[in-house]
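Next comes entry-v9.cif, a file with mmCIF, C-alpha atoms.
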data_input
#
loop_
_atom_site.label_atom_id
_atom_site.label_comp_id
_atom_site.auth_asym_id
_atom_site.auth_seq_id
_atom_site.Cartn_x
_atom_site.Cartn_y
_atom_site.Cartn_z
CA MET A 11 218.04 134.57 19.49
CA ASN A 12 220.19 136.13 22.23
CA ARG A 13 218.38 138.38 24.62
CA ILE A 14 219.81 141.65 25.93
CA PHE A 15 218.25 143.40 28.92
CA PRO A 16 218.48 147.20 28.90
CA MET A 17 218.02 148.03 32.56
CA VAL A 18 219.07 146.57 35.89
CA LEU A 19 217.75 147.84 39.17
CA LEU A 20 219.93 146.12 41.76
CA VAL A 21 223.54 145.02 41.57
CA LEU A 22 226.26 143.31 43.58
CA GLY A 23 229.72 144.62 44.40
CA LEU A 24 231.80 146.52 46.92
CA PRO A 25 232.86 149.85 45.44
CA ILE A 26 229.46 151.40 44.69
CA THR A 27 229.71 155.14 45.09
CA ALA A 28 227.14 156.72 42.78
CA GLY A 29 223.67 157.14 44.20
CA MET A 30 224.41 155.49 47.54
CA ALA A 31 221.71 155.87 50.15
CA MET A 32 223.18 157.13 53.41
CA ALA A 33 221.64 157.47 56.85
CA ASP A 34 220.02 160.81 56.09
CA ASP A 35 218.34 159.38 52.97
CA VAL A 36 216.60 156.44 54.65
CA PRO A 37 212.91 156.15 53.70
CA PRO A 38 210.16 156.11 56.32
CA GLU A 39 210.31 152.98 58.46
CA VAL A 40 208.47 149.97 57.10
CA LYS A 41 208.44 146.62 58.86
CA PRO A 42 209.22 144.08 56.11
CA MET A 43 206.96 141.06 55.66
CA SER A 44 204.23 142.36 57.95
CA GLY A 45 201.13 140.18 58.19
CA VAL A 46 200.14 136.78 56.82
CA PRO A 47 200.17 137.18 53.90
CA PRO A 48 202.44 140.23 53.91
CA SER A 49 200.88 143.57 53.10
CA PRO A 50 201.80 144.83 49.61
CA GLY A 51 203.87 147.67 51.02
CA SER A 52 205.92 145.33 53.21
CA GLN A 53 206.44 142.55 50.66
CA VAL A 54 210.11 141.64 50.06
CA THR A 55 210.88 140.73 46.44
CA MET A 56 213.88 140.00 44.27
CA LYS A 57 213.53 143.57 43.02
CA ASN A 58 213.69 145.27 46.42
CA TYR A 59 215.65 142.83 48.59
CA ARG A 60 218.64 145.18 48.88
CA ASP A 61 216.54 148.30 49.53
CA PHE A 62 216.47 149.43 53.15
CA PRO A 63 214.47 148.55 55.24
CA MET A 64 213.46 145.46 53.21
CA SER A 65 217.08 144.34 53.57
CA ARG A 66 216.62 143.88 57.31
CA TRP A 67 214.50 140.84 56.48
CA SER A 68 216.07 139.66 53.24
CA PHE A 69 219.70 139.73 54.38
CA ARG A 70 218.83 137.23 57.12
CA ASN A 71 216.57 135.21 54.82
CA ALA A 72 218.61 135.33 51.62
CA GLY A 73 217.37 131.92 50.54
CA ALA A 74 213.99 133.53 49.85
CA PRO A 75 214.93 136.04 47.11
CA LEU A 76 217.99 134.06 45.94
CA ASN A 77 218.76 130.48 44.94
CA VAL A 78 221.17 128.74 47.31
CA VAL A 79 223.04 125.48 47.95
CA MET A 80 223.93 124.14 51.40
CA ILE A 81 227.27 124.01 53.22
CA PRO A 82 226.46 121.71 56.19
CA ARG A 83 228.19 121.90 59.56
CA GLN A 84 229.91 118.78 60.87
CA GLY A 85 231.57 117.48 64.06
CA ASP A 86 231.62 118.85 67.58
CA ILE A 87 230.56 122.45 68.14
CA ARG A 88 233.28 124.85 69.28
CA VAL A 89 231.69 126.18 72.46
CA LEU A 90 232.19 129.90 73.08
CA PRO A 91 231.97 130.52 76.86
CA GLY A 92 230.10 133.72 77.65
CA PRO A 93 229.10 136.42 77.04
CA LEU A 94 231.40 137.45 79.88
CA ASN A 95 231.56 141.25 79.61
CA PRO A 96 228.14 142.75 78.77
CA GLU A 97 229.36 146.12 80.08
CA ILE A 98 231.26 146.49 76.81
CA GLY A 99 228.00 147.49 75.19
CA GLU A 100 227.82 150.62 77.37
CA ARG A 101 231.31 151.96 76.64
CA GLN A 102 231.10 155.36 74.98
CA TYR A 103 232.37 156.21 71.50
CA THR A 104 231.67 159.04 69.06
CA ASP A 105 230.63 158.04 65.57
CA LEU A 106 231.36 159.85 62.32
CA HIS A 107 227.96 161.54 62.46
CA GLY A 108 229.11 163.28 65.67
CA ARG A 109 226.94 161.23 68.04
CA LYS A 110 228.38 160.07 71.38
CA LEU A 111 226.84 156.65 71.99
CA GLY A 112 227.36 153.42 73.85
CA PHE A 113 229.09 150.73 71.78
CA ASP A 114 225.86 148.79 71.17
CA ALA A 115 223.88 151.96 70.48
CA LEU A 116 226.52 153.13 68.01
CA PHE A 117 226.29 149.88 66.07
CA GLU A 118 222.50 149.95 66.10
CA ALA A 119 222.40 153.60 64.99
CA ASN A 120 224.68 152.72 62.07
CA PHE A 121 222.41 149.91 60.84
CA ALA A 122 224.05 146.85 62.44
CA ASP A 123 221.94 143.71 62.67
CA GLY A 124 224.18 142.03 65.22
CA LEU A 125 227.72 141.92 66.61
CA VAL A 126 229.94 139.39 68.36
CA ILE A 127 233.18 140.11 70.24
CA VAL A 128 235.60 137.28 71.01
CA ARG A 129 238.91 137.44 72.84
CA GLY A 130 241.04 134.35 72.94
CA GLY A 131 238.49 131.54 72.94
CA LYS A 132 235.85 133.36 74.97
CA LEU A 133 232.77 135.31 73.92
CA LEU A 134 233.00 138.70 75.62
CA HIS A 135 229.89 140.33 74.22
CA GLU A 136 227.06 139.63 71.81
CA ARG A 137 224.13 141.78 70.74
CA TYR A 138 221.38 141.47 68.13
CA PHE A 139 219.09 144.17 66.78
CA HIS A 140 215.73 144.42 65.02
CA GLY A 141 214.71 140.79 65.51
CA PHE A 142 217.96 139.22 64.32
CA ASN A 143 219.21 136.37 66.53
CA ALA A 144 222.05 133.93 67.15
CA HIS A 145 220.42 131.15 65.15
CA ALA A 146 219.64 133.06 61.95
CA GLN A 147 221.93 133.06 58.93
CA HIS A 148 222.84 136.37 57.28
CA ILE A 149 224.41 137.06 53.91
CA TRP A 150 228.16 137.83 53.92
CA PHE A 151 228.29 139.47 50.48
CA SER A 152 231.97 140.15 49.66
CA MET A 153 233.31 138.73 52.92
CA THR A 154 232.90 135.54 50.88
CA LYS A 155 236.01 136.52 48.92
CA SER A 156 238.18 136.12 52.03
CA LEU A 157 236.69 132.68 52.74
CA VAL A 158 237.32 131.56 49.16
CA SER A 159 240.88 132.87 49.29
CA SER A 160 241.46 130.93 52.52
CA ALA A 161 240.23 127.76 50.85
CA PHE A 162 242.45 128.44 47.86
CA GLY A 163 245.48 128.39 50.15
CA LEU A 164 245.03 124.65 50.62
CA LEU A 165 245.65 124.09 46.91
CA VAL A 166 248.73 126.30 47.06
CA GLU A 167 250.14 124.30 49.98
CA GLN A 168 249.54 121.04 48.12
CA GLY A 169 251.59 122.30 45.19
CA LEU A 170 248.61 122.11 42.86
CA VAL A 171 248.79 125.73 41.74
CA ASP A 172 251.51 128.22 40.85
CA LEU A 173 250.66 131.78 41.91
CA ALA A 174 252.89 133.16 39.16
CA ALA A 175 251.03 131.22 36.46
CA SER A 176 248.16 132.45 34.33
CA PRO A 177 244.69 131.22 35.29
CA ALA A 178 244.42 130.03 31.68
CA GLN A 179 247.00 127.36 32.50
CA TYR A 180 244.32 125.68 34.64
CA ILE A 181 241.21 126.87 32.80
CA PRO A 182 242.00 126.80 29.07
CA GLU A 183 238.67 128.45 28.26
CA LEU A 184 240.26 131.71 29.47
CA LYS A 185 243.01 131.76 26.84
CA ASN A 186 241.32 134.53 24.81
CA SER A 187 240.06 136.49 27.82
CA GLY A 188 241.53 139.38 29.76
CA PHE A 189 242.73 136.91 32.37
CA ALA A 190 245.16 135.11 30.04
CA ARG A 191 247.98 137.63 30.58
CA VAL A 192 247.66 137.98 34.36
CA SER A 193 249.04 135.91 37.23
CA ILE A 194 246.91 134.21 39.84
CA GLN A 195 248.55 136.40 42.47
CA GLN A 196 247.31 139.45 40.59
CA VAL A 197 243.81 137.95 40.65
CA LEU A 198 244.09 137.58 44.43
CA ASP A 199 245.14 141.23 44.75
CA HIS A 200 242.60 142.69 42.29
CA ALA A 201 245.43 143.94 40.10
CA THR A 202 244.36 142.29 36.83
CA ALA A 203 244.16 145.34 34.53
CA ILE A 204 241.04 144.05 32.80
CA ASP A 205 238.85 146.12 30.50
CA PHE A 206 235.75 145.65 32.63
CA LYS A 207 234.59 148.11 35.24
CA GLU A 208 231.81 147.64 37.75
CA ASP A 209 229.69 150.40 36.24
CA TYR A 210 226.37 150.61 38.09
CA THR A 211 224.90 153.64 36.37
CA ASP A 212 225.26 153.06 32.62
CA PRO A 213 222.47 150.70 31.42
CA ALA A 214 224.55 149.89 28.34
CA ALA A 215 227.55 148.74 30.41
CA ASP A 216 228.56 145.09 30.22
CA PHE A 217 228.18 144.78 33.98
CA LEU A 218 224.51 145.70 33.95
CA ARG A 219 223.61 143.87 30.76
CA TYR A 220 225.44 140.61 31.37
CA TYR A 221 227.33 140.11 34.65
CA ALA A 222 224.69 141.22 37.17
CA PRO A 223 221.89 139.03 35.75
CA ALA A 224 224.31 136.12 35.28
CA LEU A 225 225.15 136.29 38.99
CA ASN A 226 221.42 135.98 39.74
CA MET A 227 221.84 138.39 42.64
CA ALA A 228 220.32 141.29 40.75
CA TRP A 229 216.85 141.91 39.38
CA LEU A 230 215.83 143.01 35.95
CA PRO A 231 212.74 142.13 33.96
CA GLY A 232 212.79 138.63 32.50
CA ALA A 233 216.38 137.78 33.44
CA ALA A 234 215.45 134.94 35.77
CA ASP A 235 213.40 133.27 33.03
CA VAL A 236 216.20 133.07 30.47
CA GLN A 237 217.13 129.52 29.48
CA PRO A 238 220.58 128.21 28.43
CA GLY A 239 221.17 129.00 24.77
CA GLU A 240 218.94 132.08 24.80
CA THR A 241 221.82 134.35 25.82
CA ASP A 242 225.58 134.20 25.37
CA ILE A 243 226.08 134.98 29.07
CA TYR A 244 224.02 132.55 31.11
CA GLY A 245 226.18 132.06 34.22
CA ALA A 246 229.10 133.99 35.71
CA HIS A 247 231.66 131.67 34.09
CA ASP A 248 230.31 132.58 30.65
CA PHE A 249 230.96 136.22 31.47
CA LEU A 250 234.55 135.58 32.57
CA VAL A 251 235.29 133.76 29.32
CA GLY A 252 233.32 135.81 26.84
CA PHE A 253 233.33 139.41 28.01
CA VAL A 254 236.39 140.12 30.15
CA LYS A 255 239.13 141.55 27.92
CA PRO A 256 242.52 143.10 28.73
CA ASP A 257 242.85 146.84 29.23
CA ASN A 258 245.85 147.42 27.00
CA LYS A 259 246.45 150.83 28.58
CA LEU A 260 247.27 149.16 31.90
CA LYS A 261 249.86 146.63 32.98
CA PRO A 262 248.77 143.75 35.24
CA GLY A 263 250.07 144.21 38.76
CA ALA A 264 250.39 147.99 38.46
CA ALA A 265 247.12 149.13 40.04
CA PHE A 266 244.56 147.96 42.61
CA ASP A 267 241.12 148.01 40.99
CA TYR A 268 238.56 146.05 43.03
CA ASN A 269 236.53 143.84 40.70
CA SER A 270 234.12 141.07 41.63
CA ALA A 271 235.05 139.04 38.55
CA ASN A 272 238.41 138.21 40.14
CA ALA A 273 236.76 136.32 43.01
CA ASP A 274 234.44 134.39 40.72
CA LEU A 275 237.53 133.33 38.80
CA LEU A 276 239.20 132.20 42.04
CA GLY A 277 236.18 130.07 42.89
CA TRP A 278 236.31 128.53 39.41
CA LEU A 279 240.01 127.73 39.89
CA ILE A 280 239.23 125.91 43.13
CA ALA A 281 236.54 123.82 41.46
CA ARG A 282 238.64 123.07 38.36
CA ILE A 283 241.86 122.19 40.21
CA SER A 284 240.26 120.24 43.07
CA GLY A 285 237.63 118.49 40.96
CA GLU A 286 234.96 119.40 43.53
CA PRO A 287 232.10 121.91 43.42
CA LEU A 288 233.16 125.01 45.33
CA GLN A 289 230.52 124.57 48.04
CA ASP A 290 231.64 120.97 48.66
CA PHE A 291 235.32 121.97 48.82
CA ILE A 292 234.56 124.72 51.36
CA GLN A 293 232.42 122.35 53.41
CA ARG A 294 234.98 119.54 53.48
CA ALA A 295 238.11 121.65 53.87
CA ILE A 296 236.92 124.46 56.15
CA TRP A 297 233.33 124.55 57.40
CA SER A 298 233.30 120.96 58.68
CA ARG A 299 236.48 121.67 60.68
CA LEU A 300 235.57 124.95 62.40
CA GLY A 301 233.32 123.62 65.14
CA ALA A 302 230.49 125.52 63.46
CA GLU A 303 227.18 125.65 65.29
CA HIS A 304 224.92 125.89 62.25
CA ASP A 305 224.77 124.96 58.59
CA ALA A 306 225.78 127.64 56.12
CA TYR A 307 224.60 128.17 52.55
CA ILE A 308 225.83 130.02 49.50
CA ALA A 309 223.90 131.82 46.77
CA VAL A 310 224.24 130.46 43.24
CA ASP A 311 224.28 132.18 39.87
CA ARG A 312 221.83 131.67 37.05
CA ALA A 313 223.61 128.41 36.13
CA TYR A 314 223.34 127.31 39.79
CA MET A 315 227.09 127.69 40.35
CA PRO A 316 228.18 129.14 43.74
CA VAL A 317 228.78 132.89 43.76
CA ALA A 318 232.35 133.05 45.05
CA THR A 319 232.36 136.82 45.00
CA GLY A 320 229.55 137.33 47.51
CA GLY A 321 227.15 134.45 48.16
CA MET A 322 228.06 133.02 51.60
CA ASN A 323 225.50 133.01 54.45
CA SER A 324 226.05 131.94 58.05
CA THR A 325 225.16 132.78 61.62
CA LEU A 326 227.15 135.53 63.27
CA ARG A 327 228.90 133.28 65.78
CA ASP A 328 230.00 130.96 62.98
CA ALA A 329 231.41 133.92 61.07
CA ALA A 330 233.37 134.75 64.23
CA ARG A 331 234.58 131.14 64.47
CA PHE A 332 235.99 131.43 60.96
CA GLY A 333 237.70 134.67 62.01
CA MET A 334 239.14 132.99 65.12
CA MET A 335 240.68 130.25 62.99
CA ILE A 336 242.29 132.87 60.74
CA ARG A 337 243.49 134.89 63.75
CA ASP A 338 245.13 131.73 65.08
CA ARG A 339 247.12 131.25 61.85
CA GLY A 340 244.69 128.73 60.40
CA ALA A 341 244.58 126.40 63.40
CA PHE A 342 241.61 125.07 65.35
CA ASN A 343 241.49 122.46 68.11
CA GLY A 344 245.07 121.40 67.49
CA GLU A 345 244.48 120.88 63.78
CA GLN A 346 245.71 123.01 60.90
CA VAL A 347 242.63 123.94 58.87
CA VAL A 348 244.25 126.52 56.56
CA PRO A 349 248.05 126.52 56.06
CA ALA A 350 249.74 128.92 58.49
CA ALA A 351 252.07 130.12 55.74
CA TRP A 352 249.08 131.08 53.60
CA VAL A 353 247.37 132.95 56.44
CA ASP A 354 250.62 134.77 57.24
CA ALA A 355 251.12 135.69 53.58
CA THR A 356 248.11 138.03 53.76
CA LEU A 357 250.07 140.22 56.17
CA GLU A 358 253.21 140.33 54.03
CA ILE A 359 252.64 143.82 52.68
CA ASP A 360 255.33 145.28 50.44
CA ASP A 361 255.76 148.78 49.07
CA GLN A 362 254.01 147.82 45.83
CA LEU A 363 250.82 146.80 47.64
CA ARG A 364 250.92 149.90 49.82
CA GLY A 365 251.46 152.10 46.82
CA MET A 366 248.57 150.60 44.87
CA MET A 367 246.14 151.27 47.73
CA ALA A 368 247.46 154.80 48.23
CA ALA A 369 247.07 155.51 44.51
CA ASN A 370 243.40 154.49 44.39
CA PRO A 371 241.31 157.64 44.99
CA LYS A 372 238.25 155.67 46.14
CA TYR A 373 239.97 154.81 49.40
CA GLY A 374 241.94 158.00 50.02
CA ASN A 375 240.13 158.80 53.27
CA ASP A 376 239.83 155.20 54.48
CA PRO A 377 242.23 153.48 56.93
CA TRP A 378 243.29 150.56 54.70
CA ILE A 379 247.02 150.27 54.00
CA ALA A 380 246.66 147.49 51.41
CA TYR A 381 244.47 144.83 49.86
CA HIS A 382 246.14 141.41 49.64
CA ASN A 383 244.90 137.88 49.00
CA MET A 384 241.32 139.16 49.11
CA TRP A 385 241.63 140.67 52.59
CA TRP A 386 241.57 144.37 53.59
CA VAL A 387 244.65 145.17 55.69
CA LEU A 388 244.71 147.87 58.39
CA ASP A 389 248.00 147.18 60.20
CA ASP A 390 250.27 144.40 58.99
CA LYS A 391 252.55 144.56 62.04
CA ALA A 392 249.67 144.15 64.51
CA GLY A 393 247.92 141.54 62.37
CA GLU A 394 244.87 143.78 62.03
CA TYR A 395 242.75 143.13 58.97
CA CYS A 396 239.22 142.47 57.77
CA ALA A 397 236.90 140.57 55.51
CA VAL A 398 234.41 143.14 54.18
CA GLY A 399 231.07 142.87 52.38
CA VAL A 400 228.65 145.43 50.97
CA HIS A 401 226.02 146.95 53.23
CA GLY A 402 228.32 146.66 56.26
CA GLN A 403 229.40 143.04 56.73
CA VAL A 404 232.73 142.68 58.57
CA ILE A 405 234.95 140.09 60.21
CA TYR A 406 237.55 142.14 62.09
CA ILE A 407 240.74 140.36 63.18
CA ASN A 408 243.38 141.79 65.50
CA ARG A 409 246.12 139.27 66.27
CA SER A 410 248.05 141.55 68.64
CA ALA A 411 244.91 142.02 70.76
CA ASP A 412 243.92 138.34 70.37
CA THR A 413 240.52 139.65 69.32
CA VAL A 414 237.93 138.89 66.66
CA MET A 415 234.77 140.89 66.11
CA ALA A 416 232.11 140.10 63.55
CA TRP A 417 229.11 142.16 62.64
CA PHE A 418 226.33 141.98 60.09
CA SER A 419 224.47 145.06 58.89
CA SER A 420 221.71 146.31 56.64
CA GLN A 421 223.30 149.65 55.77
CA PRO A 422 221.31 151.59 53.16
CA GLY A 423 224.59 152.57 51.48
CA ALA A 424 226.29 149.55 49.94
CA SER A 425 229.89 150.69 49.68
CA ALA A 426 232.40 150.83 52.49
CA ALA A 427 234.43 153.50 50.70
CA GLY A 428 233.91 156.83 52.45
CA ASN A 429 230.74 155.55 54.13
CA PRO A 430 230.30 157.03 57.65
CA ASP A 431 227.91 154.27 58.70
CA PHE A 432 230.54 151.66 57.85
CA HIS A 433 233.54 153.50 59.24
CA SER A 434 231.79 154.51 62.47
CA LYS A 435 231.49 150.84 63.36
CA LEU A 436 235.01 149.98 62.22
CA ALA A 437 236.60 152.86 64.15
CA ALA A 438 234.73 151.90 67.33
CA ALA A 439 235.79 148.26 66.93
CA ARG A 440 239.44 149.23 66.50
CA ALA A 441 239.32 151.49 69.54
CA LEU A 442 237.68 148.77 71.62
CA ALA A 443 240.29 146.21 70.59
CA GLN A 444 243.05 148.58 71.67
CA SER A 445 241.41 149.22 75.04
CA LEU A 446 240.83 145.51 75.66
CA ASP A 447 244.49 144.83 74.94
CA ALA A 448 245.58 147.67 77.24
CA GLU A 449 243.43 146.28 80.07
CA ALA A 450 244.73 142.71 79.68
CA PRO A 451 247.46 142.30 77.05
CA GLY A 452 246.98 139.42 74.66
CA ALA A 453 249.43 136.64 74.02
CA PRO A 454 252.63 137.58 72.12
CA LEU A 455 252.26 137.56 68.37
CA PRO A 456 253.45 134.29 66.82
CA LYS A 457 256.64 134.46 64.81
CA ARG A 458 256.12 134.42 61.07
#

Reformat the file's structure so that it appears as structure tokens.
Amino acid sequence: MNRIFPMVLLVLGLPITAGMAMADDVPPEVKPMSGVPPSPGSQVTMKNYRDFPMSRWSFRNAGAPLNVVMIPRQGDIRVLPGPLNPEIGERQYTDLHGRKLGFDALFEANFADGLVIVRGGKLLHERYFHGFNAHAQHIWFSMTKSLVSSAFGLLVEQGLVDLAASPAQYIPELKNSGFARVSIQQVLDHATAIDFKEDYTDPAADFLRYYAPALNMAWLPGAADVQPGETDIYGAHDFLVGFVKPDNKLKPGAAFDYNSANADLLGWLIARISGEPLQDFIQRAIWSRLGAEHDAYIAVDRAYMPVATGGMNSTLRDAARFGMMIRDRGAFNGEQVVPAAWVDATLEIDDQLRGMMAANPKYGNDPWIAYHNMWWVLDDKAGEYCAVGVHGQVIYINRSADTVMAWFSSQPGASAAGNPDFHSKLAAARALAQSLDAEAPGAPLPKR
């Protein structure tokens, strides 16, 4: 007998807007996991791990509430000399709540857990808050999409995949799904016109009944105890095959509609085409070649398959190292990790991509000009773009300023869209990058 669960209490995804907790709605401060054993009121659980302030502990210990698999580091560590400019933390900026604060204080006031600023190959500034530290991993959430897209570029370079082809050409199980009529490029751009919306408020929605529990990153009664065969949707791949249908009112490629299912499909394509589990492919092709300082790990779904849409965890410096490799057109230590042409393609923004972002009302007041290849683009000419995850996770890249900043957060509000906590940090980072470049201009942008 298939089991259906009527209510979900926590979900994963970027564009949450309904019922978001903002700074003014934060509950009284509780120190998570206080005491040995923890007091009942401070106990972190699968049910509350995304509730602030419990998230301040769980986001840096995601292997406790979630199931994970390892992505080990390998080789020599890429040393980051510094921090060289601690005065950066005192520079004054005004956030979107109207508070004039030092850079560090602004990030802390807007729920950052830590931040790293790198220019060229040097660490300019680093700061951690609320007990977080340089040796602790933190969940990336949807920044994972940008990592998975970067890995996918290796298959494109090898001629193993055609971006104009349907995903069903490589995964025949999708032939009756909503993905059969779309191109892989449309998957990368979240322009798939599928009849599945990330509805977080309707308990009868497919997302809440099937996708969220299949991802195993959401809590609802009994979901974790379901065994294969007891439900049609056990893991995320089952959902992609069995529940995602085309929206016949829309044409693929006509609209940007952010949807986590697209990234899980991309991770499946990597595994199917390469013949390797996604976590092993990422480890071999990227993580082992970054000069990473620490092992990473990735959350898995109910079938113990890696969650490509939002499961990556690493230390903050290692997140910055990944950003540095992308800033440098996929190169590290004289070796091409990710194809330069693939990295450059993210910044090839045409009128169609611009128009799709402009037409999406969720982002009307946000600074993004486009979403392309699972990256959020701010300025294509300057090479300014971001990997973004819920609750305030960001890798900020600015090629023209030769700068990378990475920060982890435990924002009470999940979504970046219209979120002053999120955009206060992003605006300050952009302003700082501009001032750093004005003080000492970076190297000329490479020709593309």

At a cut-off of 9 Å, can you tabulate as CSV every residue of stretch 38-109 of chain A near stretch 299-320 of chain A together with its closest atom pair and the distance in Å to one decimal, using all atoms listed in the file and ordering rows by chain then number?
residue,atom,partner,partner_atom,distance
A:Ala72,CA,A:Ala309,CA,8.0
A:Gly73,CA,A:Ala309,CA,7.5
A:Leu76,CA,A:Ala309,CA,6.4
A:Asn77,CA,A:Ala309,CA,5.6
A:Val78,CA,A:Ala309,CA,4.2
A:Val79,CA,A:Ile308,CA,5.5
A:Met80,CA,A:Tyr307,CA,4.2
A:Ile81,CA,A:Ala306,CA,4.9
A:Pro82,CA,A:Asp305,CA,4.4
A:Arg83,CA,A:Asp305,CA,4.7
A:Gln84,CA,A:Arg299,CA,7.2
A:Gly85,CA,A:Gly301,CA,6.5
A:Asp86,CA,A:Gly301,CA,5.6
A:Ile87,CA,A:Gly301,CA,4.2
A:Arg88,CA,A:Gly301,CA,4.3
A:Val89,CA,A:Gly301,CA,7.9

**OP:** Give me the residues within 12 Å of A:Lys110 as a ChimeraX atom specification, counting all atoms listed in the file and dropping any in the same chain fewer than 6 places off.
**Re:** /A:100-104,116-117,119,434,438

Kindly save the residues from that selection, with C-alpha atoms included, as a PDB file, keeping the file's coordinate frame.
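Dumped to part_25.pdb:
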ATOM      1  CA  GLU A 100     227.820 150.620  77.370  1.00  0.00           C
ATOM      2  CA  ARG A 101     231.310 151.960  76.640  1.00  0.00           C
ATOM      3  CA  GLN A 102     231.100 155.360  74.980  1.00  0.00           C
ATOM      4  CA  TYR A 103     232.370 156.210  71.500  1.00  0.00           C
ATOM      5  CA  THR A 104     231.670 159.040  69.060  1.00  0.00           C
ATOM      6  CA  LEU A 116     226.520 153.130  68.010  1.00  0.00           C
ATOM      7  CA  PHE A 117     226.290 149.880  66.070  1.00  0.00           C
ATOM      8  CA  ALA A 119     222.400 153.600  64.990  1.00  0.00           C
ATOM      9  CA  SER A 434     231.790 154.510  62.470  1.00  0.00           C
ATOM     10  CA  ALA A 438     234.730 151.900  67.330  1.00  0.00           C
TER      11      ALA A 438
END

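Every protein or nucleic acid residue with an atom no more than 8 Å from A:Phe121, counting all atoms listed in the file and leaving out same-chain residues fewer than 4 positions away, appears here: Phe117, Ser419, Ser420, Gln421, Pro422 and Asp431 of chain A.
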
Show me, as JSON, the centre and edge lengths in Å to one decimal of the axis-aligned box that covers every listed atom of stretch 249-263 of chain A with 5 Å on each side.
{"center_x": 240.5, "center_y": 142.3, "center_z": 32.8, "size_x": 29.1, "size_y": 27.1, "size_z": 21.9}

**OP:** List every protein, DNA or RNA residue with an atom no more than 7 Å from (228.0, 140.6, 30.2) in the file's coordinates, counting only C-alpha atoms, and format the result as a VMD selection string.
**Re:** chain A and resid 216 to 217 219 to 221 243 249 253

Original post:
What lies within 10 Å of A:Leu436 using all atoms listed in the file, ignoring chain neighbours under 5 positions off, as a PyMOL selection string?
Top reply: chain A and resi 105+117+377+396+402+404+406+415+417+430-431+441-442

Can I get the selection written as a PDB file, in the frame of the given file, with C-alpha atoms?
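So the final result, stored in out-v8.pdb, reads:
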ATOM      1  CA  ASP A 105     230.630 158.040  65.570  1.00  0.00           C
ATOM      2  CA  PHE A 117     226.290 149.880  66.070  1.00  0.00           C
ATOM      3  CA  PRO A 377     242.230 153.480  56.930  1.00  0.00           C
ATOM      4  CA  CYS A 396     239.220 142.470  57.770  1.00  0.00           C
ATOM      5  CA  GLY A 402     228.320 146.660  56.260  1.00  0.00           C
ATOM      6  CA  VAL A 404     232.730 142.680  58.570  1.00  0.00           C
ATOM      7  CA  TYR A 406     237.550 142.140  62.090  1.00  0.00           C
ATOM      8  CA  MET A 415     234.770 140.890  66.110  1.00  0.00           C
ATOM      9  CA  TRP A 417     229.110 142.160  62.640  1.00  0.00           C
ATOM     10  CA  PRO A 430     230.300 157.030  57.650  1.00  0.00           C
ATOM     11  CA  ASP A 431     227.910 154.270  58.700  1.00  0.00           C
ATOM     12  CA  ALA A 441     239.320 151.490  69.540  1.00  0.00           C
ATOM     13  CA  LEU A 442     237.680 148.770  71.620  1.00  0.00           C
TER      14      LEU A 442
END

For this structure, which residues satisfy the selection - the PyMOL selection byres ((chain A and resi 41) around 9) - when it is evaluated on the file as given? I want them as a PDB file with C-alpha atoms, in the coordinates of the input.
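Contents of result10.pdb, freshly written:
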ATOM      1  CA  GLU A  39     210.310 152.980  58.460  1.00  0.00           C
ATOM      2  CA  VAL A  40     208.470 149.970  57.100  1.00  0.00           C
ATOM      3  CA  PRO A  42     209.220 144.080  56.110  1.00  0.00           C
ATOM      4  CA  MET A  43     206.960 141.060  55.660  1.00  0.00           C
ATOM      5  CA  SER A  44     204.230 142.360  57.950  1.00  0.00           C
ATOM      6  CA  SER A  52     205.920 145.330  53.210  1.00  0.00           C
ATOM      7  CA  PRO A  63     214.470 148.550  55.240  1.00  0.00           C
ATOM      8  CA  MET A  64     213.460 145.460  53.210  1.00  0.00           C
ATOM      9  CA  ARG A  66     216.620 143.880  57.310  1.00  0.00           C
ATOM     10  CA  TRP A  67     214.500 140.840  56.480  1.00  0.00           C
TER      11      TRP A  67
END

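The smallest atom-to-atom distance between A:Gly365 and any of A:Ala380, A:Arg129, A:Ser187, A:Asp267, using all atoms listed in the file, is found for A:Ala380.
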
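Taking atom CA of A:Gln168 as the reference point, atom CA of A:Arg282 is found at 14.8 Å.
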
With 8 Å as the cut-off and all atoms listed in the file counted, what is the closest atom pair between each nearby residue of stretch 395-453 of chain A and stretch 134-156 of chain A? Distances in Å to one decimal, ordered by chain and number, as JSON lines.
{"residue": "A:Ala397", "atom": "CA", "partner": "A:Met153", "partner_atom": "CA", "distance": 4.8}
{"residue": "A:Val398", "atom": "CA", "partner": "A:Met153", "partner_atom": "CA", "distance": 4.7}
{"residue": "A:Gly399", "atom": "CA", "partner": "A:Ser152", "partner_atom": "CA", "distance": 4.0}
{"residue": "A:Val400", "atom": "CA", "partner": "A:Phe151", "partner_atom": "CA", "distance": 6.0}
{"residue": "A:Gln403", "atom": "CA", "partner": "A:Trp150", "partner_atom": "CA", "distance": 6.0}
{"residue": "A:Val404", "atom": "CA", "partner": "A:Met153", "partner_atom": "CA", "distance": 6.9}
{"residue": "A:Ile405", "atom": "CA", "partner": "A:Met153", "partner_atom": "CA", "distance": 7.6}
{"residue": "A:Phe418", "atom": "CA", "partner": "A:His148", "partner_atom": "CA", "distance": 7.2}

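Ranking A:Arg364, A:Arg337, A:Lys372, A:Arg294 by their shortest atom-to-atom distance to A:Tyr268, with only C-alpha atoms included, puts A:Lys372 first.
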
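If you apply the PyMOL selection byres ((chain A and resi 172-175) around 10) to this structure, you end up with Leu165, Val166, Gly169, Leu170, Val171, Ser176, Pro177, Ala178, Gln179, Tyr180, Ala190, Arg191, Val192, Ser193, Ile194, Gln195, Gln196, Val197 and Leu198 of chain A.
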